[in-house]
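Trainee: One file: input00.txt (compact mmCIF, C-alpha atoms).
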# COMPACT_ATOMS: atom_id res chain seq x y z
CA MET A 266 73.55 99.05 125.78
CA ARG A 267 74.13 100.67 122.39
CA ASP A 268 72.66 98.98 119.35
CA LYS A 269 74.84 100.74 116.76
CA VAL A 270 78.56 101.00 116.11
CA ARG A 271 79.78 104.47 115.17
CA TRP A 272 82.20 104.22 112.25
CA GLY A 273 84.83 106.40 110.66
CA ILE A 274 86.50 105.76 107.30
CA ALA A 275 90.19 106.36 106.66
CA GLY A 276 90.45 107.00 102.92
CA THR A 277 88.26 108.44 100.18
CA GLY A 278 88.90 106.19 97.17
CA THR A 279 86.55 103.95 95.22
CA ILE A 280 86.16 101.25 97.87
CA ALA A 281 85.62 103.86 100.59
CA ASN A 282 82.78 105.35 98.54
CA SER A 283 81.13 101.95 98.07
CA PHE A 284 81.54 101.18 101.77
CA ALA A 285 79.98 104.48 102.80
CA ALA A 286 77.05 104.04 100.41
CA ASP A 287 76.15 100.64 101.88
CA PHE A 288 75.63 101.94 105.44
CA ARG A 289 72.01 102.58 104.47
CA PHE A 290 71.56 98.80 104.45
CA ALA A 291 73.36 98.21 107.79
CA PRO A 292 70.92 98.84 110.67
CA HIS A 293 73.48 98.27 113.44
CA ALA A 294 76.07 100.70 112.10
CA SER A 295 76.25 104.43 111.50
CA LEU A 296 78.88 106.39 109.58
CA VAL A 297 79.90 109.58 111.35
CA ALA A 298 83.30 110.70 110.01
CA VAL A 299 85.95 110.39 107.32
CA SER A 300 89.65 111.25 107.06
CA SER A 301 92.07 111.77 104.20
CA ARG A 302 95.58 113.11 103.76
CA SER A 303 93.85 115.85 101.78
CA ALA A 304 91.48 118.06 103.79
CA GLN A 305 89.68 118.96 100.57
CA LYS A 306 89.06 115.30 99.65
CA ALA A 307 87.77 114.56 103.15
CA GLU A 308 85.43 117.55 103.02
CA SER A 309 84.13 116.57 99.58
CA PHE A 310 83.53 112.97 100.72
CA ALA A 311 81.74 114.17 103.87
CA ALA A 312 79.48 116.45 101.85
CA ARG A 313 78.68 113.67 99.36
CA PHE A 314 77.37 111.39 102.11
CA GLY A 315 75.75 114.11 104.17
CA GLY A 316 76.44 115.19 107.71
CA LEU A 317 79.81 113.49 108.19
CA ARG A 318 82.66 115.16 110.01
CA SER A 319 85.89 115.38 108.04
CA TYR A 320 89.45 115.18 109.30
CA GLN A 321 92.82 115.69 107.68
CA GLY A 322 94.78 112.60 108.62
CA ILE A 323 93.85 109.40 110.43
CA GLU A 324 95.45 110.69 113.64
CA ALA A 325 92.60 113.17 114.15
CA LEU A 326 90.01 110.54 113.21
CA ALA A 327 91.44 108.07 115.72
CA ALA A 328 91.42 110.72 118.46
CA ALA A 329 87.69 111.45 118.05
CA PRO A 330 85.95 110.21 121.23
CA ASP A 331 82.61 109.36 119.61
CA ILE A 332 83.99 106.88 117.04
CA ASP A 333 83.99 103.18 117.94
CA ALA A 334 85.53 101.66 114.82
CA ILE A 335 87.57 102.69 111.79
CA TYR A 336 87.48 101.15 108.34
CA ILE A 337 90.99 101.33 106.84
CA ALA A 338 90.49 102.00 103.11
CA SER A 339 93.99 103.23 102.30
CA ARG A 340 96.54 101.70 99.94
CA ASN A 341 97.83 98.23 100.78
CA ALA A 342 101.24 99.40 101.99
CA GLU A 343 99.61 101.75 104.52
CA HIS A 344 97.35 99.22 106.21
CA LEU A 345 99.67 98.17 109.04
CA GLN A 346 100.65 101.69 110.09
CA GLN A 347 97.12 103.06 110.00
CA ALA A 348 95.49 100.06 111.67
CA THR A 349 98.12 100.04 114.42
CA LEU A 350 97.57 103.75 115.05
CA ALA A 351 93.80 103.26 115.28
CA LEU A 352 94.17 100.27 117.61
CA ALA A 353 96.51 102.24 119.86
CA ALA A 354 93.73 104.82 120.18
CA GLY A 355 91.33 102.09 121.31
CA LYS A 356 89.38 101.87 118.07
CA ALA A 357 88.19 98.63 116.53
CA VAL A 358 89.47 98.22 112.98
CA LEU A 359 88.15 96.70 109.77
CA VAL A 360 91.03 96.66 107.29
CA GLU A 361 90.42 96.44 103.56
CA LYS A 362 91.96 93.36 101.96
CA PRO A 363 94.73 92.42 102.02
CA LEU A 364 95.05 92.84 105.78
CA THR A 365 98.70 93.79 105.26
CA THR A 366 101.30 93.11 102.56
CA SER A 367 103.13 90.37 104.48
CA SER A 368 102.37 87.70 107.06
CA ALA A 369 104.95 89.25 109.41
CA ASP A 370 103.07 92.56 109.29
CA ALA A 371 99.77 90.72 109.82
CA ARG A 372 101.16 89.05 112.94
CA ALA A 373 102.35 92.45 114.17
CA LEU A 374 98.85 93.83 113.64
CA ALA A 375 97.35 90.92 115.57
CA THR A 376 99.74 91.62 118.44
CA ALA A 377 98.85 95.32 118.35
CA ALA A 378 95.16 94.45 118.56
CA GLY A 379 95.65 92.71 121.89
CA GLY A 380 91.97 91.80 122.15
CA THR A 381 90.57 94.93 120.49
CA PHE A 382 88.44 93.96 117.51
CA ALA A 383 90.39 93.64 114.24
CA MET A 384 89.27 92.00 110.99
CA GLU A 385 90.20 91.89 107.34
CA ALA A 386 87.43 93.33 105.16
CA LEU A 387 87.09 90.40 102.80
CA TRP A 388 83.45 90.96 101.99
CA THR A 389 82.93 87.87 99.83
CA CYS A 390 82.93 85.57 102.85
CA PHE A 391 79.93 87.43 104.33
CA LEU A 392 77.63 87.40 101.31
CA PRO A 393 74.32 85.49 101.60
CA ALA A 394 75.27 83.27 98.64
CA ILE A 395 78.40 82.11 100.46
CA SER A 396 76.32 81.32 103.55
CA ARG A 397 74.16 79.20 101.24
CA VAL A 398 77.28 77.41 99.98
CA ARG A 399 78.29 76.59 103.56
CA ASP A 400 74.82 75.21 104.26
CA LEU A 401 74.84 73.04 101.12
CA LEU A 402 78.26 71.64 101.98
CA ALA A 403 77.25 71.03 105.59
CA VAL A 404 74.31 68.82 104.61
CA GLY A 405 76.39 66.86 102.10
CA THR A 406 74.60 67.97 98.93
CA LEU A 407 77.73 67.34 96.82
CA GLY A 408 79.02 64.32 98.70
CA ALA A 409 82.76 64.09 99.30
CA ILE A 410 84.65 66.95 97.64
CA ARG A 411 86.76 65.77 94.70
CA HIS A 412 88.14 68.99 93.19
CA VAL A 413 87.91 72.77 93.50
CA ARG A 414 88.86 75.27 90.83
CA ALA A 415 88.57 79.01 90.74
CA GLU A 416 89.95 81.97 88.86
CA LEU A 417 89.86 85.72 89.34
CA ALA A 418 91.57 87.63 86.53
CA TYR A 419 91.01 91.11 85.12
CA GLU A 420 93.26 92.51 82.42
CA LYS A 421 95.21 95.59 83.49
CA PRO A 422 97.56 97.50 81.17
CA PHE A 423 101.02 97.65 82.66
CA ASP A 424 101.67 100.90 84.53
CA ALA A 425 104.74 100.88 86.73
CA VAL A 426 103.38 103.50 89.14
CA SER A 427 99.83 102.15 89.50
CA ARG A 428 98.70 100.42 92.69
CA PHE A 429 98.47 97.18 90.69
CA PHE A 430 102.13 97.05 89.67
CA ASP A 431 104.08 99.28 92.08
CA PRO A 432 105.73 97.15 94.81
CA ALA A 433 105.96 100.19 97.09
CA LEU A 434 102.15 100.39 97.06
CA GLY A 435 101.67 96.68 97.74
CA GLY A 436 100.98 95.75 94.12
CA GLY A 437 100.65 92.34 92.51
CA SER A 438 97.81 90.11 91.34
CA LEU A 439 98.03 87.79 94.35
CA LEU A 440 97.38 90.57 96.87
CA ASP A 441 94.77 92.25 94.70
CA LEU A 442 92.90 89.24 93.23
CA GLY A 443 94.38 85.94 94.38
CA ILE A 444 93.51 86.75 97.97
CA TYR A 445 89.83 86.14 97.14
CA PRO A 446 89.92 82.47 96.05
CA ILE A 447 92.56 81.72 98.70
CA ALA A 448 90.47 83.28 101.47
CA LEU A 449 87.30 81.57 100.28
CA CYS A 450 89.03 78.17 100.31
CA LEU A 451 90.24 78.82 103.85
CA ASN A 452 86.74 79.91 104.84
CA LEU A 453 85.00 76.87 103.35
CA PHE A 454 87.57 74.12 103.81
CA GLY A 455 90.09 75.29 106.41
CA GLU A 456 93.87 75.20 106.11
CA PRO A 457 95.36 73.04 103.32
CA ARG A 458 97.87 70.30 103.97
CA SER A 459 100.31 71.71 101.43
CA VAL A 460 100.75 74.63 99.04
CA ASP A 461 102.34 74.78 95.60
CA GLY A 462 102.15 77.03 92.59
CA SER A 463 103.90 79.36 90.18
CA TRP A 464 103.88 83.01 89.16
CA LYS A 465 104.84 85.37 86.36
CA ARG A 466 106.88 88.45 87.03
CA ALA A 467 105.93 91.96 85.90
CA PRO A 468 108.77 94.37 84.98
CA THR A 469 108.41 95.99 88.40
CA GLY A 470 108.99 92.67 90.17
CA VAL A 471 105.45 92.03 91.40
CA ASP A 472 103.38 89.10 90.14
CA THR A 473 101.31 89.80 87.04
CA SER A 474 99.65 86.36 87.34
CA ALA A 475 99.83 83.26 89.49
CA LYS A 476 98.64 79.68 89.83
CA ILE A 477 97.99 78.23 93.26
CA LYS A 478 97.51 74.60 94.27
CA LEU A 479 96.12 73.88 97.72
CA THR A 480 96.09 70.22 98.73
CA TYR A 481 93.47 69.03 101.18
CA GLY A 482 92.61 65.56 102.40
CA GLY A 483 90.95 63.94 99.39
CA PHE A 484 91.01 66.86 96.96
CA ASP A 485 93.02 69.71 95.50
CA ALA A 486 92.03 73.32 94.88
CA ALA A 487 93.46 74.75 91.62
CA LEU A 488 93.27 78.54 91.78
CA GLY A 489 94.42 81.28 89.44
CA CYS A 490 94.65 85.06 89.30
CA GLY A 491 96.11 87.63 86.96
CA PHE A 492 96.26 91.06 85.37
CA ASP A 493 97.18 89.46 82.03
CA ARG A 494 93.69 88.33 80.94
CA ASN A 495 89.99 88.45 81.69
CA GLY A 496 89.19 85.15 83.33
CA HIS A 497 86.04 83.08 83.79
CA ASN A 498 85.96 84.33 87.41
CA ARG A 499 83.89 81.45 88.80
CA PHE A 500 84.40 79.25 91.83
CA VAL A 501 83.61 75.58 91.17
CA ILE A 502 83.29 72.79 93.73
CA GLU A 503 83.06 69.28 92.32
CA GLY A 504 81.84 66.48 94.58
CA GLU A 505 81.15 62.80 94.17
CA ARG A 506 77.39 63.45 93.89
CA GLY A 507 77.20 66.92 92.40
CA THR A 508 78.83 70.14 91.24
CA LEU A 509 78.34 73.63 92.65
CA VAL A 510 79.28 76.76 90.74
CA ILE A 511 79.42 80.24 92.24
CA ASP A 512 78.62 82.28 89.16
CA ALA A 513 80.86 85.05 87.87
CA PRO A 514 82.16 87.19 89.34
CA PHE A 515 82.32 84.98 92.41
CA LEU A 516 83.86 87.69 94.61
CA LYS A 517 80.42 89.37 94.68
CA ALA A 518 78.43 86.15 94.56
CA SER A 519 74.68 86.40 94.04
CA ARG A 520 73.89 83.24 92.04
CA LEU A 521 74.74 79.58 92.55
CA PHE A 522 74.22 76.61 90.25
CA VAL A 523 73.96 73.16 91.78
CA SER A 524 73.81 70.06 89.60
CA THR A 525 73.40 66.53 90.84
CA GLY A 526 73.67 64.74 87.52
CA GLY A 527 72.69 64.53 83.87
CA PRO A 528 73.54 67.03 81.14
CA ALA A 529 73.50 69.93 83.60
CA ARG A 530 76.52 68.57 85.44
CA LYS A 531 78.43 68.19 82.21
CA LEU A 532 77.44 71.72 81.22
CA LEU A 533 78.80 73.12 84.48
CA ALA A 534 82.14 71.45 83.80
CA PHE A 535 82.80 73.99 81.04
CA ASN A 536 84.21 77.43 81.74
CA GLY A 537 82.89 79.00 78.54
CA LYS A 538 80.49 81.94 78.71
CA ALA A 539 77.95 80.22 76.43
CA ALA A 540 77.67 77.19 78.71
CA HIS A 541 77.02 79.32 81.76
CA ARG A 542 74.55 81.50 79.87
CA LEU A 543 72.55 78.33 79.22
CA ALA A 544 72.82 77.36 82.89
CA ARG A 545 71.39 80.74 83.88
CA HIS A 546 68.31 80.50 81.67
CA LEU A 547 67.44 76.96 80.54
CA PRO A 548 65.32 74.61 82.69
CA LEU A 549 67.78 71.71 82.79
CA PRO A 550 67.08 68.40 84.59
CA GLY A 551 69.19 68.06 87.71
CA LEU A 552 70.03 71.78 87.87
CA THR A 553 69.00 74.02 90.77
CA ARG A 554 69.60 77.76 90.73
CA HIS A 555 69.97 79.65 93.98
CA GLU A 556 69.44 83.39 93.57
CA ASN A 557 70.74 85.58 96.38
CA PRO A 558 70.36 89.18 95.19
CA PHE A 559 71.16 92.12 97.43
CA PRO A 560 70.85 95.90 97.26
CA GLY A 561 73.88 98.15 96.97
CA SER A 562 77.40 96.83 96.53
CA GLY A 563 77.13 94.04 99.09
CA LEU A 564 79.54 95.54 101.62
CA GLN A 565 76.73 95.90 104.16
CA PHE A 566 77.08 92.26 105.17
CA GLU A 567 80.66 92.68 106.40
CA ILE A 568 79.69 95.99 108.03
CA GLU A 569 76.90 94.25 109.92
CA ALA A 570 79.07 91.25 110.82
CA ALA A 571 81.87 93.42 112.17
CA SER A 572 79.42 95.69 114.00
CA ALA A 573 77.69 92.73 115.66
CA ALA A 574 81.03 91.32 116.83
CA ILE A 575 82.08 94.72 118.21
CA LEU A 576 78.78 95.15 120.06
CA GLU A 577 79.24 91.67 121.54
CA GLY A 578 82.70 92.64 122.79
CA ARG A 579 84.56 90.18 120.57
CA GLY A 580 88.16 90.63 119.49
CA GLU A 581 87.58 88.82 116.18
CA HIS A 582 84.79 87.55 113.98
CA PRO A 583 84.63 83.72 113.89
CA SER A 584 84.15 83.71 110.10
CA MET A 585 87.19 85.90 109.46
CA PRO A 586 89.74 85.43 112.27
CA LEU A 587 93.14 87.08 111.98
CA SER A 588 94.72 83.61 111.86
CA ALA A 589 92.98 83.00 108.49
CA SER A 590 94.21 86.34 107.13
CA ILE A 591 97.75 85.48 108.25
CA LYS A 592 97.50 82.03 106.63
CA ALA A 593 96.32 83.55 103.32
CA LEU A 594 99.39 85.81 103.28
CA GLU A 595 101.63 82.84 104.10
CA ILE A 596 100.16 80.99 101.11
CA ILE A 597 100.88 83.99 98.88
CA GLU A 598 104.44 84.14 100.21
CA THR A 599 104.92 80.44 99.52
CA ILE A 600 104.00 81.01 95.88
CA ARG A 601 106.12 84.15 95.62
CA ALA A 602 109.13 82.24 96.98
CA LYS A 603 109.13 80.15 93.78
CA THR A 604 111.36 81.21 90.89
CA PRO A 605 109.14 83.36 88.66
CA HIS A 606 108.46 82.92 84.98
CA ALA A 607 108.91 85.83 82.60
CA GLY A 608 105.71 87.86 82.33
As a first step, turn the structure in this file into structure tokens.
Mentor:
Amino acid sequence: MRDKVRWGIAGTGTIANSFAADFRFAPHASLVAVSSRSAQKAESFAARFGGLRSYQGIEALAAAPDIDAIYIASRNAEHLQQATLALAAGKAVLVEKPLTTSSADARALATAAGGTFAMEALWTCFLPAISRVRDLLAVGTLGAIRHVRAELAYEKPFDAVSRFFDPALGGGSLLDLGIYPIALCLNLFGEPRSVDGSWKRAPTGVDTSAKIKLTYGGFDAALGCGFDRNGHNRFVIEGERGTLVIDAPFLKASRLFVSTGGPARKLLAFNGKAAHRLARHLPLPGLTRHENPFPGSGLQFEIEAASAAILEGRGEHPSMPLSASIKALEIIETIRAKTPHAG
């Protein structure tokens, strides 16, 4: 029985480069090939990472007999077509977030998988710090959850043809940024009872920012995302006995603060940079810091998780099932169905 999954990458952009670089930290995976629409870009990428085969087009990559799985690192609007093509060739797929640009497309991808492994590459949910959060919640460190709040916002100058703002490329802050706090809520707390929210419209029609409210039994999650500002970018869970903060930027979590009372808990209630700088460095009563550093970019954890599931013959990973990816897109569509505000 093989102990490594042989991977190919479809795409040569920034995230593909980070993904390729982190294979050195993934003992059960090996990178063997790359494809791009441009033969020159594929050849350059292959040379940069040493010894990779290069292909022009995903069709040739999918046809290679010694590749087990393909990481789809193309633009959002291309995810469904490329993942479906790879699945039809019998390859497992790991699709960069968002899985697709609509829940209907995500359901079509799930149907196309038909038991072949398919997963959204939402790396945050596989980081060691997030595993620590799950453990702390499981043992009741915070008591009953009372409120969750999170924000992921990075200012982007408006550019109608950029991937952030072009609807034809799958643009919008919800698909690019909002997917992270939504997915993490689904991962930690399951499906909400109801969804509400609002959004602001960019000149191209996509959302330049959004607010999301997920209602659970006993608490709400107030989430935000946007290209119109630089946010605090933390994920905060408030319980009856304590507060947990995933420090900024929470999408690549490496540090947690947990406070069970006293001035530390009040300090964690603030979103200001100064307050969290103090939390990082001062020895405060009632405050525990959990450091979870990792080498590289942190993508090795999703590579290893997907590889392990593939080697086990699974069609999905239990921490990131396709049903959760579909639900996240349904939540985004519920928000986008609201009448937008002017951006």
Trainee: Neighbours of Ala433 of chain A within 12 Å (all atoms listed in the file; same-chain residues fewer than 3 positions away dropped), as a list in words?
Mentor: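 Once the nearby chain positions are removed, what remains is Arg340, Asn341, Ala342, Glu343, Thr366, Ala425, Val426, Ser427, Arg428, Phe429, Phe430, Gly436, Gly437, Thr469, Gly470 and Val471 of chain A.
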Trainee: What does the distance from atom CA of Leu401 of chain A to atom CA of Asp512 of chain A come to in Å, to one decimal?
Mentor: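 Atom-to-atom, atom CA of Leu401 of chain A and atom CA of Asp512 of chain A are spaced 15.6 Å apart.
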Trainee: For segment 405-418 of chain A, what centre and edge lengths in Å (one decimal) does the axis-aligned box get once 5 Å is added on each side of all its listed atoms, as lines of an AutoDock Vina configuration file?
Mentor:
center_x = 83.1
center_y = 75.9
center_z = 94.3
size_x = 27.0
size_y = 33.5
size_z = 25.6
Trainee: List the neighbours of segment 472-489 of chain A out to 6 Å using only C-alpha atoms; skip same-chain residues closer than 4 positions along the sequence, and give me the result as a PyMOL selection string.
Mentor: chain A and resi 411-416+437-438+457-467
Trainee: Using only C-alpha atoms, which of the listed residues (A:Leu516, A:Ala403, A:Leu594, A:Ile600) sits closest to Trp388 of chain A?
Mentor: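 Once distances to Trp388 of chain A are computed over only C-alpha atoms, the minimum belongs to A:Leu516.
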